[in-house]
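input08.pdb (PDB, N, CA and C atoms, pLDDT in the B column)
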```pdb
ATOM      1  N   MET Z  15      -3.057  -9.579  -1.433  1.00 68.00           N
ATOM      2  CA  MET Z  15      -2.409  -9.617  -2.727  1.00 68.00           C
ATOM      3  C   MET Z  15      -1.174 -10.499  -2.594  1.00 68.00           C
ATOM      4  N   GLY Z  16      -1.010 -11.388  -3.528  1.00 85.00           N
ATOM      5  CA  GLY Z  16       0.138 -12.264  -3.515  1.00 85.00           C
ATOM      6  C   GLY Z  16       1.334 -11.637  -4.216  1.00 85.00           C
ATOM      7  N   PRO Z  17       2.447 -12.364  -4.225  1.00 87.00           N
ATOM      8  CA  PRO Z  17       3.650 -11.846  -4.864  1.00 87.00           C
ATOM      9  C   PRO Z  17       3.471 -11.562  -6.357  1.00 87.00           C
ATOM     10  N   LYS Z  18       2.694 -12.395  -7.035  1.00 89.00           N
ATOM     11  CA  LYS Z  18       2.515 -12.190  -8.471  1.00 89.00           C
ATOM     12  C   LYS Z  18       1.781 -10.878  -8.746  1.00 89.00           C
ATOM     13  N   GLY Z  19       0.738 -10.603  -7.978  1.00 90.00           N
ATOM     14  CA  GLY Z  19       0.000  -9.359  -8.154  1.00 90.00           C
ATOM     15  C   GLY Z  19       0.860  -8.140  -7.856  1.00 90.00           C
ATOM     16  N   ALA Z  20       1.682  -8.254  -6.815  1.00 89.00           N
ATOM     17  CA  ALA Z  20       2.567  -7.138  -6.465  1.00 89.00           C
ATOM     18  C   ALA Z  20       3.587  -6.894  -7.571  1.00 89.00           C
ATOM     19  N   VAL Z  21       4.143  -7.966  -8.105  1.00 91.00           N
ATOM     20  CA  VAL Z  21       5.138  -7.837  -9.181  1.00 91.00           C
ATOM     21  C   VAL Z  21       4.495  -7.233 -10.424  1.00 91.00           C
ATOM     22  N   GLU Z  22       3.278  -7.658 -10.746  1.00 90.00           N
ATOM     23  CA  GLU Z  22       2.608  -7.123 -11.932  1.00 90.00           C
ATOM     24  C   GLU Z  22       2.330  -5.627 -11.804  1.00 90.00           C
ATOM     25  N   ILE Z  23       2.124  -5.160 -10.582  1.00 92.00           N
ATOM     26  CA  ILE Z  23       1.896  -3.728 -10.377  1.00 92.00           C
ATOM     27  C   ILE Z  23       3.211  -2.968 -10.327  1.00 92.00           C
ATOM     28  N   LEU Z  24       4.155  -3.455  -9.533  1.00 90.00           N
ATOM     29  CA  LEU Z  24       5.406  -2.733  -9.313  1.00 90.00           C
ATOM     30  C   LEU Z  24       6.321  -2.708 -10.533  1.00 90.00           C
ATOM     31  N   PHE Z  25       6.358  -3.802 -11.272  1.00 91.00           N
ATOM     32  CA  PHE Z  25       7.298  -3.928 -12.386  1.00 91.00           C
ATOM     33  C   PHE Z  25       6.583  -4.004 -13.729  1.00 91.00           C
ATOM     34  N   ARG Z  26       5.472  -3.306 -13.850  1.00 91.00           N
ATOM     35  CA  ARG Z  26       4.668  -3.359 -15.075  1.00 91.00           C
ATOM     36  C   ARG Z  26       5.468  -2.946 -16.305  1.00 91.00           C
ATOM     37  N   ARG Z  27       6.215  -1.872 -16.207  1.00 92.00           N
ATOM     38  CA  ARG Z  27       6.969  -1.388 -17.374  1.00 92.00           C
ATOM     39  C   ARG Z  27       8.076  -2.356 -17.770  1.00 92.00           C
ATOM     40  N   GLU Z  28       8.769  -2.923 -16.795  1.00 90.00           N
ATOM     41  CA  GLU Z  28       9.842  -3.882 -17.105  1.00 90.00           C
ATOM     42  C   GLU Z  28       9.268  -5.127 -17.777  1.00 90.00           C
ATOM     43  N   ILE Z  29       8.093  -5.556 -17.324  1.00 90.00           N
ATOM     44  CA  ILE Z  29       7.466  -6.740 -17.923  1.00 90.00           C
ATOM     45  C   ILE Z  29       7.024  -6.442 -19.345  1.00 90.00           C
ATOM     46  N   GLU Z  30       6.482  -5.245 -19.591  1.00 89.00           N
ATOM     47  CA  GLU Z  30       6.045  -4.876 -20.941  1.00 89.00           C
ATOM     48  C   GLU Z  30       7.222  -4.786 -21.902  1.00 89.00           C
ATOM     49  N   LYS Z  31       8.387  -4.312 -21.435  1.00 88.00           N
ATOM     50  CA  LYS Z  31       9.563  -4.158 -22.294  1.00 88.00           C
ATOM     51  C   LYS Z  31      10.275  -5.479 -22.578  1.00 88.00           C
ATOM     52  N   ALA Z  32      10.058  -6.497 -21.750  1.00 88.00           N
ATOM     53  CA  ALA Z  32      10.773  -7.771 -21.898  1.00 88.00           C
ATOM     54  C   ALA Z  32      10.307  -8.497 -23.152  1.00 88.00           C
ATOM     55  N   ALA Z  33      11.252  -9.235 -23.755  1.00 90.00           N
ATOM     56  CA  ALA Z  33      10.931 -10.020 -24.950  1.00 90.00           C
ATOM     57  C   ALA Z  33       9.952 -11.138 -24.606  1.00 90.00           C
ATOM     58  N   ASP Z  34      10.206 -11.846 -23.506  1.00 90.00           N
ATOM     59  CA  ASP Z  34       9.310 -12.903 -23.037  1.00 90.00           C
ATOM     60  C   ASP Z  34       8.752 -12.461 -21.688  1.00 90.00           C
ATOM     61  N   SER Z  35       7.574 -11.862 -21.720  1.00 88.00           N
ATOM     62  CA  SER Z  35       7.015 -11.262 -20.508  1.00 88.00           C
ATOM     63  C   SER Z  35       6.675 -12.308 -19.443  1.00 88.00           C
ATOM     64  N   GLU Z  36       6.314 -13.511 -19.870  1.00 90.00           N
ATOM     65  CA  GLU Z  36       5.974 -14.547 -18.905  1.00 90.00           C
ATOM     66  C   GLU Z  36       7.187 -14.985 -18.085  1.00 90.00           C
ATOM     67  N   LYS Z  37       8.315 -15.176 -18.767  1.00 91.00           N
ATOM     68  CA  LYS Z  37       9.540 -15.573 -18.066  1.00 91.00           C
ATOM     69  C   LYS Z  37      10.037 -14.446 -17.167  1.00 91.00           C
ATOM     70  N   GLU Z  38       9.925 -13.224 -17.641  1.00 91.00           N
ATOM     71  CA  GLU Z  38      10.356 -12.075 -16.845  1.00 91.00           C
ATOM     72  C   GLU Z  38       9.484 -11.948 -15.588  1.00 91.00           C
ATOM     73  N   THR Z  39       8.188 -12.186 -15.743  1.00 92.00           N
ATOM     74  CA  THR Z  39       7.292 -12.141 -14.585  1.00 92.00           C
ATOM     75  C   THR Z  39       7.677 -13.200 -13.569  1.00 92.00           C
ATOM     76  N   GLU Z  40       7.942 -14.412 -14.029  1.00 93.00           N
ATOM     77  CA  GLU Z  40       8.336 -15.492 -13.121  1.00 93.00           C
ATOM     78  C   GLU Z  40       9.648 -15.171 -12.410  1.00 93.00           C
ATOM     79  N   ARG Z  41      10.599 -14.602 -13.137  1.00 92.00           N
ATOM     80  CA  ARG Z  41      11.883 -14.241 -12.531  1.00 92.00           C
ATOM     81  C   ARG Z  41      11.687 -13.178 -11.452  1.00 92.00           C
ATOM     82  N   LEU Z  42      10.860 -12.175 -11.773  1.00 93.00           N
ATOM     83  CA  LEU Z  42      10.608 -11.109 -10.812  1.00 93.00           C
ATOM     84  C   LEU Z  42       9.815 -11.609  -9.599  1.00 93.00           C
ATOM     85  N   VAL Z  43       8.904 -12.555  -9.813  1.00 93.00           N
ATOM     86  CA  VAL Z  43       8.154 -13.133  -8.696  1.00 93.00           C
ATOM     87  C   VAL Z  43       9.106 -13.883  -7.765  1.00 93.00           C
ATOM     88  N   GLN Z  44      10.019 -14.671  -8.343  1.00 93.00           N
ATOM     89  CA  GLN Z  44      10.990 -15.392  -7.512  1.00 93.00           C
ATOM     90  C   GLN Z  44      11.863 -14.422  -6.720  1.00 93.00           C
ATOM     91  N   GLU Z  45      12.309 -13.368  -7.364  1.00 92.00           N
ATOM     92  CA  GLU Z  45      13.141 -12.354  -6.698  1.00 92.00           C
ATOM     93  C   GLU Z  45      12.352 -11.676  -5.579  1.00 92.00           C
ATOM     94  N   TYR Z  46      11.094 -11.352  -5.839  1.00 90.00           N
ATOM     95  CA  TYR Z  46      10.241 -10.703  -4.846  1.00 90.00           C
ATOM     96  C   TYR Z  46      10.036 -11.614  -3.635  1.00 90.00           C
ATOM     97  N   VAL Z  47       9.771 -12.900  -3.888  1.00 88.00           N
ATOM     98  CA  VAL Z  47       9.554 -13.852  -2.799  1.00 88.00           C
ATOM     99  C   VAL Z  47      10.808 -13.969  -1.944  1.00 88.00           C
ATOM    100  N   GLU Z  48      11.984 -14.046  -2.572  1.00 86.00           N
ATOM    101  CA  GLU Z  48      13.227 -14.161  -1.825  1.00 86.00           C
ATOM    102  C   GLU Z  48      13.493 -12.933  -0.965  1.00 86.00           C
ATOM    103  N   LYS Z  49      13.134 -11.756  -1.470  1.00 84.00           N
ATOM    104  CA  LYS Z  49      13.426 -10.515  -0.741  1.00 84.00           C
ATOM    105  C   LYS Z  49      12.378 -10.156   0.295  1.00 84.00           C
ATOM    106  N   PHE Z  50      11.092 -10.327  -0.038  1.00 81.00           N
ATOM    107  CA  PHE Z  50      10.058  -9.720   0.778  1.00 81.00           C
ATOM    108  C   PHE Z  50       9.005 -10.670   1.344  1.00 81.00           C
ATOM    109  N   ALA Z  51       8.797 -11.828   0.781  1.00 80.00           N
ATOM    110  CA  ALA Z  51       7.637 -12.639   1.138  1.00 80.00           C
ATOM    111  C   ALA Z  51       7.921 -13.633   2.258  1.00 80.00           C
ATOM    112  N   HIS Z  52       8.529 -13.180   3.322  1.00 81.00           N
ATOM    113  CA  HIS Z  52       8.647 -14.001   4.520  1.00 81.00           C
ATOM    114  C   HIS Z  52       8.636 -13.088   5.743  1.00 81.00           C
ATOM    115  N   PRO Z  53       8.250 -13.616   6.891  1.00 85.00           N
ATOM    116  CA  PRO Z  53       8.015 -12.752   8.055  1.00 85.00           C
ATOM    117  C   PRO Z  53       9.275 -12.139   8.655  1.00 85.00           C
ATOM    118  N   TYR Z  54      10.431 -12.706   8.372  1.00 85.00           N
ATOM    119  CA  TYR Z  54      11.650 -12.214   9.012  1.00 85.00           C
ATOM    120  C   TYR Z  54      12.059 -10.834   8.490  1.00 85.00           C
ATOM    121  N   VAL Z  55      11.758 -10.534   7.244  1.00 82.00           N
ATOM    122  CA  VAL Z  55      12.035  -9.197   6.710  1.00 82.00           C
ATOM    123  C   VAL Z  55      11.132  -8.180   7.399  1.00 82.00           C
ATOM    124  N   ALA Z  56       9.850  -8.520   7.536  1.00 82.00           N
ATOM    125  CA  ALA Z  56       8.910  -7.616   8.200  1.00 82.00           C
ATOM    126  C   ALA Z  56       9.302  -7.407   9.662  1.00 82.00           C
ATOM    127  N   ALA Z  57       9.759  -8.465  10.324  1.00 86.00           N
ATOM    128  CA  ALA Z  57      10.182  -8.335  11.723  1.00 86.00           C
ATOM    129  C   ALA Z  57      11.440  -7.485  11.837  1.00 86.00           C
ATOM    130  N   ALA Z  58      12.362  -7.643  10.908  1.00 86.00           N
ATOM    131  CA  ALA Z  58      13.590  -6.856  10.946  1.00 86.00           C
ATOM    132  C   ALA Z  58      13.314  -5.377  10.733  1.00 86.00           C
ATOM    133  N   ARG Z  59      12.293  -5.068   9.945  1.00 85.00           N
ATOM    134  CA  ARG Z  59      11.951  -3.663   9.678  1.00 85.00           C
ATOM    135  C   ARG Z  59      11.012  -3.078  10.717  1.00 85.00           C
ATOM    136  N   GLY Z  60      10.572  -3.878  11.675  1.00 88.00           N
ATOM    137  CA  GLY Z  60       9.725  -3.389  12.747  1.00 88.00           C
ATOM    138  C   GLY Z  60       8.242  -3.402  12.447  1.00 88.00           C
ATOM    139  N   TYR Z  61       7.818  -4.023  11.344  1.00 85.00           N
ATOM    140  CA  TYR Z  61       6.396  -4.098  11.017  1.00 85.00           C
ATOM    141  C   TYR Z  61       5.687  -5.153  11.862  1.00 85.00           C
ATOM    142  N   VAL Z  62       6.436  -6.147  12.344  1.00 86.00           N
ATOM    143  CA  VAL Z  62       5.903  -7.247  13.136  1.00 86.00           C
ATOM    144  C   VAL Z  62       6.675  -7.279  14.444  1.00 86.00           C
ATOM    145  N   ASP Z  63       5.971  -7.452  15.554  1.00 88.00           N
ATOM    146  CA  ASP Z  63       6.639  -7.474  16.854  1.00 88.00           C
ATOM    147  C   ASP Z  63       7.455  -8.738  17.070  1.00 88.00           C
ATOM    148  N   ASP Z  64       6.917  -9.878  16.667  1.00 87.00           N
ATOM    149  CA  ASP Z  64       7.589 -11.143  16.927  1.00 87.00           C
ATOM    150  C   ASP Z  64       7.125 -12.181  15.911  1.00 87.00           C
ATOM    151  N   VAL Z  65       8.015 -13.087  15.559  1.00 89.00           N
ATOM    152  CA  VAL Z  65       7.669 -14.211  14.694  1.00 89.00           C
ATOM    153  C   VAL Z  65       7.574 -15.433  15.595  1.00 89.00           C
ATOM    154  N   ILE Z  66       6.385 -16.010  15.669  1.00 91.00           N
ATOM    155  CA  ILE Z  66       6.136 -17.126  16.578  1.00 91.00           C
ATOM    156  C   ILE Z  66       6.238 -18.432  15.802  1.00 91.00           C
ATOM    157  N   ASP Z  67       7.017 -19.355  16.342  1.00 90.00           N
ATOM    158  CA  ASP Z  67       7.122 -20.691  15.766  1.00 90.00           C
ATOM    159  C   ASP Z  67       5.754 -21.366  15.895  1.00 90.00           C
ATOM    160  N   PRO Z  68       5.265 -22.061  14.865  1.00 91.00           N
ATOM    161  CA  PRO Z  68       3.922 -22.648  14.924  1.00 91.00           C
ATOM    162  C   PRO Z  68       3.690 -23.541  16.138  1.00 91.00           C
ATOM    163  N   ARG Z  69       4.694 -24.260  16.598  1.00 94.00           N
ATOM    164  CA  ARG Z  69       4.479 -25.140  17.752  1.00 94.00           C
ATOM    165  C   ARG Z  69       4.339 -24.347  19.062  1.00 94.00           C
ATOM    166  N   ASP Z  70       4.711 -23.062  19.052  1.00 95.00           N
ATOM    167  CA  ASP Z  70       4.597 -22.231  20.246  1.00 95.00           C
ATOM    168  C   ASP Z  70       3.353 -21.341  20.234  1.00 95.00           C
ATOM    169  N   THR Z  71       2.548 -21.421  19.200  1.00 94.00           N
ATOM    170  CA  THR Z  71       1.399 -20.528  19.063  1.00 94.00           C
ATOM    171  C   THR Z  71       0.379 -20.745  20.165  1.00 94.00           C
ATOM    172  N   ARG Z  72      -0.023 -21.989  20.398  1.00 96.00           N
ATOM    173  CA  ARG Z  72      -1.054 -22.276  21.398  1.00 96.00           C
ATOM    174  C   ARG Z  72      -0.626 -21.828  22.798  1.00 96.00           C
ATOM    175  N   PRO Z  73       0.575 -22.175  23.276  1.00 95.00           N
ATOM    176  CA  PRO Z  73       0.969 -21.686  24.612  1.00 95.00           C
ATOM    177  C   PRO Z  73       1.035 -20.162  24.709  1.00 95.00           C
ATOM    178  N   ARG Z  74       1.484 -19.502  23.660  1.00 94.00           N
ATOM    179  CA  ARG Z  74       1.554 -18.034  23.693  1.00 94.00           C
ATOM    180  C   ARG Z  74       0.161 -17.419  23.759  1.00 94.00           C
ATOM    181  N   LEU Z  75      -0.788 -17.972  22.995  1.00 94.00           N
ATOM    182  CA  LEU Z  75      -2.164 -17.470  23.040  1.00 94.00           C
ATOM    183  C   LEU Z  75      -2.799 -17.707  24.404  1.00 94.00           C
ATOM    184  N   ILE Z  76      -2.584 -18.895  24.964  1.00 96.00           N
ATOM    185  CA  ILE Z  76      -3.137 -19.204  26.284  1.00 96.00           C
ATOM    186  C   ILE Z  76      -2.598 -18.229  27.325  1.00 96.00           C
ATOM    187  N   HIS Z  77      -1.306 -17.979  27.287  1.00 95.00           N
ATOM    188  CA  HIS Z  77      -0.707 -17.047  28.251  1.00 95.00           C
ATOM    189  C   HIS Z  77      -1.281 -15.635  28.084  1.00 95.00           C
ATOM    190  N   ALA Z  78      -1.418 -15.179  26.852  1.00 93.00           N
ATOM    191  CA  ALA Z  78      -1.949 -13.835  26.602  1.00 93.00           C
ATOM    192  C   ALA Z  78      -3.386 -13.713  27.087  1.00 93.00           C
ATOM    193  N   LEU Z  79      -4.197 -14.735  26.867  1.00 95.00           N
ATOM    194  CA  LEU Z  79      -5.584 -14.692  27.323  1.00 95.00           C
ATOM    195  C   LEU Z  79      -5.680 -14.762  28.841  1.00 95.00           C
ATOM    196  N   GLU Z  80      -4.790 -15.521  29.490  1.00 95.00           N
ATOM    197  CA  GLU Z  80      -4.779 -15.564  30.958  1.00 95.00           C
ATOM    198  C   GLU Z  80      -4.424 -14.202  31.547  1.00 95.00           C
ATOM    199  N   VAL Z  81      -3.504 -13.504  30.912  1.00 93.00           N
ATOM    200  CA  VAL Z  81      -3.126 -12.172  31.387  1.00 93.00           C
ATOM    201  C   VAL Z  81      -4.306 -11.214  31.249  1.00 93.00           C
ATOM    202  N   LEU Z  82      -5.051 -11.332  30.166  1.00 93.00           N
ATOM    203  CA  LEU Z  82      -6.172 -10.416  29.920  1.00 93.00           C
ATOM    204  C   LEU Z  82      -7.436 -10.779  30.685  1.00 93.00           C
ATOM    205  N   LYS Z  83      -7.495 -11.973  31.282  1.00 93.00           N
ATOM    206  CA  LYS Z  83      -8.711 -12.423  31.944  1.00 93.00           C
ATOM    207  C   LYS Z  83      -9.123 -11.487  33.086  1.00 93.00           C
ATOM    208  N   THR Z  84      -8.159 -10.970  33.830  1.00 90.00           N
ATOM    209  CA  THR Z  84      -8.490 -10.129  34.985  1.00 90.00           C
ATOM    210  C   THR Z  84      -8.361  -8.638  34.692  1.00 90.00           C
ATOM    211  N   LYS Z  85      -8.114  -8.286  33.449  1.00 87.00           N
ATOM    212  CA  LYS Z  85      -7.951  -6.876  33.105  1.00 87.00           C
ATOM    213  C   LYS Z  85      -9.296  -6.155  33.187  1.00 87.00           C
ATOM    214  N   ARG Z  86      -9.274  -4.976  33.764  1.00 86.00           N
ATOM    215  CA  ARG Z  86     -10.468  -4.153  33.851  1.00 86.00           C
ATOM    216  C   ARG Z  86     -10.188  -2.816  33.184  1.00 86.00           C
ATOM    217  N   ASP Z  87     -11.203  -2.278  32.545  1.00 81.00           N
ATOM    218  CA  ASP Z  87     -11.071  -0.999  31.864  1.00 81.00           C
ATOM    219  C   ASP Z  87     -11.034   0.115  32.908  1.00 81.00           C
ATOM    220  N   ALA Z  88     -10.054   1.015  32.807  1.00 81.00           N
ATOM    221  CA  ALA Z  88      -9.896   2.061  33.815  1.00 81.00           C
ATOM    222  C   ALA Z  88     -10.013   3.451  33.194  1.00 81.00           C
ATOM    223  N   ASN Z  89     -10.990   3.649  32.342  1.00 79.00           N
ATOM    224  CA  ASN Z  89     -11.195   4.971  31.748  1.00 79.00           C
ATOM    225  C   ASN Z  89     -11.800   5.908  32.783  1.00 79.00           C
ATOM    226  N   PRO Z  90     -11.466   7.191  32.744  1.00 78.00           N
ATOM    227  CA  PRO Z  90     -12.077   8.138  33.679  1.00 78.00           C
ATOM    228  C   PRO Z  90     -13.553   8.330  33.336  1.00 78.00           C
ATOM    229  N   PRO Z  91     -14.359   8.730  34.336  1.00 77.00           N
ATOM    230  CA  PRO Z  91     -15.782   8.950  34.039  1.00 77.00           C
ATOM    231  C   PRO Z  91     -15.960  10.147  33.102  1.00 77.00           C
ATOM    232  N   ARG Z  92     -17.046  10.138  32.369  1.00 74.00           N
ATOM    233  CA  ARG Z  92     -17.303  11.250  31.448  1.00 74.00           C
ATOM    234  C   ARG Z  92     -17.544  12.531  32.224  1.00 74.00           C
ATOM    235  N   LYS Z  93     -17.009  13.622  31.713  1.00 75.00           N
ATOM    236  CA  LYS Z  93     -17.177  14.898  32.398  1.00 75.00           C
ATOM    237  C   LYS Z  93     -18.506  15.562  32.028  1.00 75.00           C
ATOM    238  N   HIS Z  94     -18.927  15.376  30.800  1.00 76.00           N
ATOM    239  CA  HIS Z  94     -20.185  15.972  30.355  1.00 76.00           C
ATOM    240  C   HIS Z  94     -20.714  15.188  29.170  1.00 76.00           C
ATOM    241  N   GLY Z  95     -21.982  15.336  28.930  1.00 74.00           N
ATOM    242  CA  GLY Z  95     -22.614  14.642  27.827  1.00 74.00           C
ATOM    243  C   GLY Z  95     -22.475  15.421  26.535  1.00 74.00           C
ATOM    244  N   ASN Z  96     -22.926  14.833  25.462  1.00 76.00           N
ATOM    245  CA  ASN Z  96     -22.900  15.469  24.158  1.00 76.00           C
ATOM    246  C   ASN Z  96     -24.341  15.759  23.759  1.00 76.00           C
ATOM    247  N   ILE Z  97     -24.811  16.964  24.093  1.00 76.00           N
ATOM    248  CA  ILE Z  97     -26.203  17.301  23.813  1.00 76.00           C
ATOM    249  C   ILE Z  97     -26.350  17.695  22.343  1.00 76.00           C
ATOM    250  N   PRO Z  98     -27.468  17.374  21.712  1.00 76.00           N
ATOM    251  CA  PRO Z  98     -27.661  17.769  20.316  1.00 76.00           C
ATOM    252  C   PRO Z  98     -27.863  19.270  20.208  1.00 76.00           C
ATOM    253  N   LEU Z  99     -27.221  19.883  19.256  1.00 72.00           N
ATOM    254  CA  LEU Z  99     -27.325  21.324  19.083  1.00 72.00           C
ATOM    255  C   LEU Z  99     -28.092  21.677  17.840  1.00 72.00           C
TER     256      LEU Z  99
END
```
Just give me the structure as C-alpha cells.
Amino acid sequence: MGPKGAVEILFRREIEKAADSEKETERLVQEYVEKFAHPYVAAARGYVDDVIDPRDTRPRLIHALEVLKTKRDANPPRKHGNIPL
C-alpha cells in the first residue's frame, strides 16, 4: 500500500469534512511521506536492523552468503515419532 492508500484509510473523516477533498488528500499525502515514508524512521523505531546504501548492497550480500556457505544445521535428533491416533 502506498502513501495515498494509507492516507485515504487513516484520514478518511478529515478528507470527507474538507471543502476541497482532493487538495486535502494531497496535503495529507505530502505530510505522510515526510513523516513516515522513508527507511530512517523505520530504522529509528527498530523495525529495520540497518539501512544499506545502494552501492554497498552487493558486498554486504556477498559477505552474508559467504558466512552462510559453511553453516550446518545443528538440530537435536528426534526423540520419538508422531504416530497416527
Review point. So which residues of chain Z fall under alpha helix (DSSP H) by DSSP, listed as a PyMOL selection string?
Key: chain Z and resi 17-24+26-31+35-50+53-58+71-83
Restrict the selected residues to N, CA and C atoms and save them as a short mmCIF file (atom, residue, chain, number, x, y, z; two decimals), keeping the file's coordinate frame.
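Contents of the output file result.cif:
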```cif
data_model
loop_
_atom_site.label_atom_id
_atom_site.label_comp_id
_atom_site.auth_asym_id
_atom_site.auth_seq_id
_atom_site.Cartn_x
_atom_site.Cartn_y
_atom_site.Cartn_z
N PRO Z 17 2.45 -12.36 -4.22
CA PRO Z 17 3.65 -11.85 -4.86
C PRO Z 17 3.47 -11.56 -6.36
N LYS Z 18 2.69 -12.40 -7.04
CA LYS Z 18 2.52 -12.19 -8.47
C LYS Z 18 1.78 -10.88 -8.75
N GLY Z 19 0.74 -10.60 -7.98
CA GLY Z 19 0.00 -9.36 -8.15
C GLY Z 19 0.86 -8.14 -7.86
N ALA Z 20 1.68 -8.25 -6.82
CA ALA Z 20 2.57 -7.14 -6.46
C ALA Z 20 3.59 -6.89 -7.57
N VAL Z 21 4.14 -7.97 -8.10
CA VAL Z 21 5.14 -7.84 -9.18
C VAL Z 21 4.50 -7.23 -10.42
N GLU Z 22 3.28 -7.66 -10.75
CA GLU Z 22 2.61 -7.12 -11.93
C GLU Z 22 2.33 -5.63 -11.80
N ILE Z 23 2.12 -5.16 -10.58
CA ILE Z 23 1.90 -3.73 -10.38
C ILE Z 23 3.21 -2.97 -10.33
N LEU Z 24 4.16 -3.46 -9.53
CA LEU Z 24 5.41 -2.73 -9.31
C LEU Z 24 6.32 -2.71 -10.53
N ARG Z 26 5.47 -3.31 -13.85
CA ARG Z 26 4.67 -3.36 -15.08
C ARG Z 26 5.47 -2.95 -16.30
N ARG Z 27 6.22 -1.87 -16.21
CA ARG Z 27 6.97 -1.39 -17.37
C ARG Z 27 8.08 -2.36 -17.77
N GLU Z 28 8.77 -2.92 -16.80
CA GLU Z 28 9.84 -3.88 -17.10
C GLU Z 28 9.27 -5.13 -17.78
N ILE Z 29 8.09 -5.56 -17.32
CA ILE Z 29 7.47 -6.74 -17.92
C ILE Z 29 7.02 -6.44 -19.34
N GLU Z 30 6.48 -5.24 -19.59
CA GLU Z 30 6.04 -4.88 -20.94
C GLU Z 30 7.22 -4.79 -21.90
N LYS Z 31 8.39 -4.31 -21.44
CA LYS Z 31 9.56 -4.16 -22.29
C LYS Z 31 10.28 -5.48 -22.58
N SER Z 35 7.57 -11.86 -21.72
CA SER Z 35 7.02 -11.26 -20.51
C SER Z 35 6.68 -12.31 -19.44
N GLU Z 36 6.31 -13.51 -19.87
CA GLU Z 36 5.97 -14.55 -18.90
C GLU Z 36 7.19 -14.98 -18.08
N LYS Z 37 8.32 -15.18 -18.77
CA LYS Z 37 9.54 -15.57 -18.07
C LYS Z 37 10.04 -14.45 -17.17
N GLU Z 38 9.93 -13.22 -17.64
CA GLU Z 38 10.36 -12.08 -16.84
C GLU Z 38 9.48 -11.95 -15.59
N THR Z 39 8.19 -12.19 -15.74
CA THR Z 39 7.29 -12.14 -14.58
C THR Z 39 7.68 -13.20 -13.57
N GLU Z 40 7.94 -14.41 -14.03
CA GLU Z 40 8.34 -15.49 -13.12
C GLU Z 40 9.65 -15.17 -12.41
N ARG Z 41 10.60 -14.60 -13.14
CA ARG Z 41 11.88 -14.24 -12.53
C ARG Z 41 11.69 -13.18 -11.45
N LEU Z 42 10.86 -12.18 -11.77
CA LEU Z 42 10.61 -11.11 -10.81
C LEU Z 42 9.82 -11.61 -9.60
N VAL Z 43 8.90 -12.56 -9.81
CA VAL Z 43 8.15 -13.13 -8.70
C VAL Z 43 9.11 -13.88 -7.76
N GLN Z 44 10.02 -14.67 -8.34
CA GLN Z 44 10.99 -15.39 -7.51
C GLN Z 44 11.86 -14.42 -6.72
N GLU Z 45 12.31 -13.37 -7.36
CA GLU Z 45 13.14 -12.35 -6.70
C GLU Z 45 12.35 -11.68 -5.58
N TYR Z 46 11.09 -11.35 -5.84
CA TYR Z 46 10.24 -10.70 -4.85
C TYR Z 46 10.04 -11.61 -3.64
N VAL Z 47 9.77 -12.90 -3.89
CA VAL Z 47 9.55 -13.85 -2.80
C VAL Z 47 10.81 -13.97 -1.94
N GLU Z 48 11.98 -14.05 -2.57
CA GLU Z 48 13.23 -14.16 -1.82
C GLU Z 48 13.49 -12.93 -0.96
N LYS Z 49 13.13 -11.76 -1.47
CA LYS Z 49 13.43 -10.52 -0.74
C LYS Z 49 12.38 -10.16 0.30
N PHE Z 50 11.09 -10.33 -0.04
CA PHE Z 50 10.06 -9.72 0.78
C PHE Z 50 9.01 -10.67 1.34
N PRO Z 53 8.25 -13.62 6.89
CA PRO Z 53 8.02 -12.75 8.06
C PRO Z 53 9.28 -12.14 8.65
N TYR Z 54 10.43 -12.71 8.37
CA TYR Z 54 11.65 -12.21 9.01
C TYR Z 54 12.06 -10.83 8.49
N VAL Z 55 11.76 -10.53 7.24
CA VAL Z 55 12.04 -9.20 6.71
C VAL Z 55 11.13 -8.18 7.40
N ALA Z 56 9.85 -8.52 7.54
CA ALA Z 56 8.91 -7.62 8.20
C ALA Z 56 9.30 -7.41 9.66
N ALA Z 57 9.76 -8.46 10.32
CA ALA Z 57 10.18 -8.34 11.72
C ALA Z 57 11.44 -7.48 11.84
N ALA Z 58 12.36 -7.64 10.91
CA ALA Z 58 13.59 -6.86 10.95
C ALA Z 58 13.31 -5.38 10.73
N THR Z 71 2.55 -21.42 19.20
CA THR Z 71 1.40 -20.53 19.06
C THR Z 71 0.38 -20.74 20.16
N ARG Z 72 -0.02 -21.99 20.40
CA ARG Z 72 -1.05 -22.28 21.40
C ARG Z 72 -0.63 -21.83 22.80
N PRO Z 73 0.57 -22.18 23.28
CA PRO Z 73 0.97 -21.69 24.61
C PRO Z 73 1.03 -20.16 24.71
N ARG Z 74 1.48 -19.50 23.66
CA ARG Z 74 1.55 -18.03 23.69
C ARG Z 74 0.16 -17.42 23.76
N LEU Z 75 -0.79 -17.97 23.00
CA LEU Z 75 -2.16 -17.47 23.04
C LEU Z 75 -2.80 -17.71 24.40
N ILE Z 76 -2.58 -18.90 24.96
CA ILE Z 76 -3.14 -19.20 26.28
C ILE Z 76 -2.60 -18.23 27.32
N HIS Z 77 -1.31 -17.98 27.29
CA HIS Z 77 -0.71 -17.05 28.25
C HIS Z 77 -1.28 -15.64 28.08
N ALA Z 78 -1.42 -15.18 26.85
CA ALA Z 78 -1.95 -13.84 26.60
C ALA Z 78 -3.39 -13.71 27.09
N LEU Z 79 -4.20 -14.74 26.87
CA LEU Z 79 -5.58 -14.69 27.32
C LEU Z 79 -5.68 -14.76 28.84
N GLU Z 80 -4.79 -15.52 29.49
CA GLU Z 80 -4.78 -15.56 30.96
C GLU Z 80 -4.42 -14.20 31.55
N VAL Z 81 -3.50 -13.50 30.91
CA VAL Z 81 -3.13 -12.17 31.39
C VAL Z 81 -4.31 -11.21 31.25
N LEU Z 82 -5.05 -11.33 30.17
CA LEU Z 82 -6.17 -10.42 29.92
C LEU Z 82 -7.44 -10.78 30.68
N LYS Z 83 -7.50 -11.97 31.28
CA LYS Z 83 -8.71 -12.42 31.94
C LYS Z 83 -9.12 -11.49 33.09
#
```
Check your understanding: Using only C-alpha atoms, which residue out of Z:Ile66, Z:Leu24, Z:Val81, Z:Ala88 lies closest to Thr39 of chain Z?
Key ->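 Between Z:Ile66, Z:Leu24, Z:Val81, Z:Ala88, the residue approaching Thr39 of chain Z most closely is Z:Leu24.
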Exercise for review: Go through Z:Leu79, Z:Ile29, Z:Ala51, Z:Val65 one by one, measure the shortest atom-to-atom distance of each to Gly16 of chain Z using only C-alpha atoms, and give the residue with the smallest value.
Suggested key: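 Among the listed residues, Z:Ala51 lies closest to Gly16 of chain Z.
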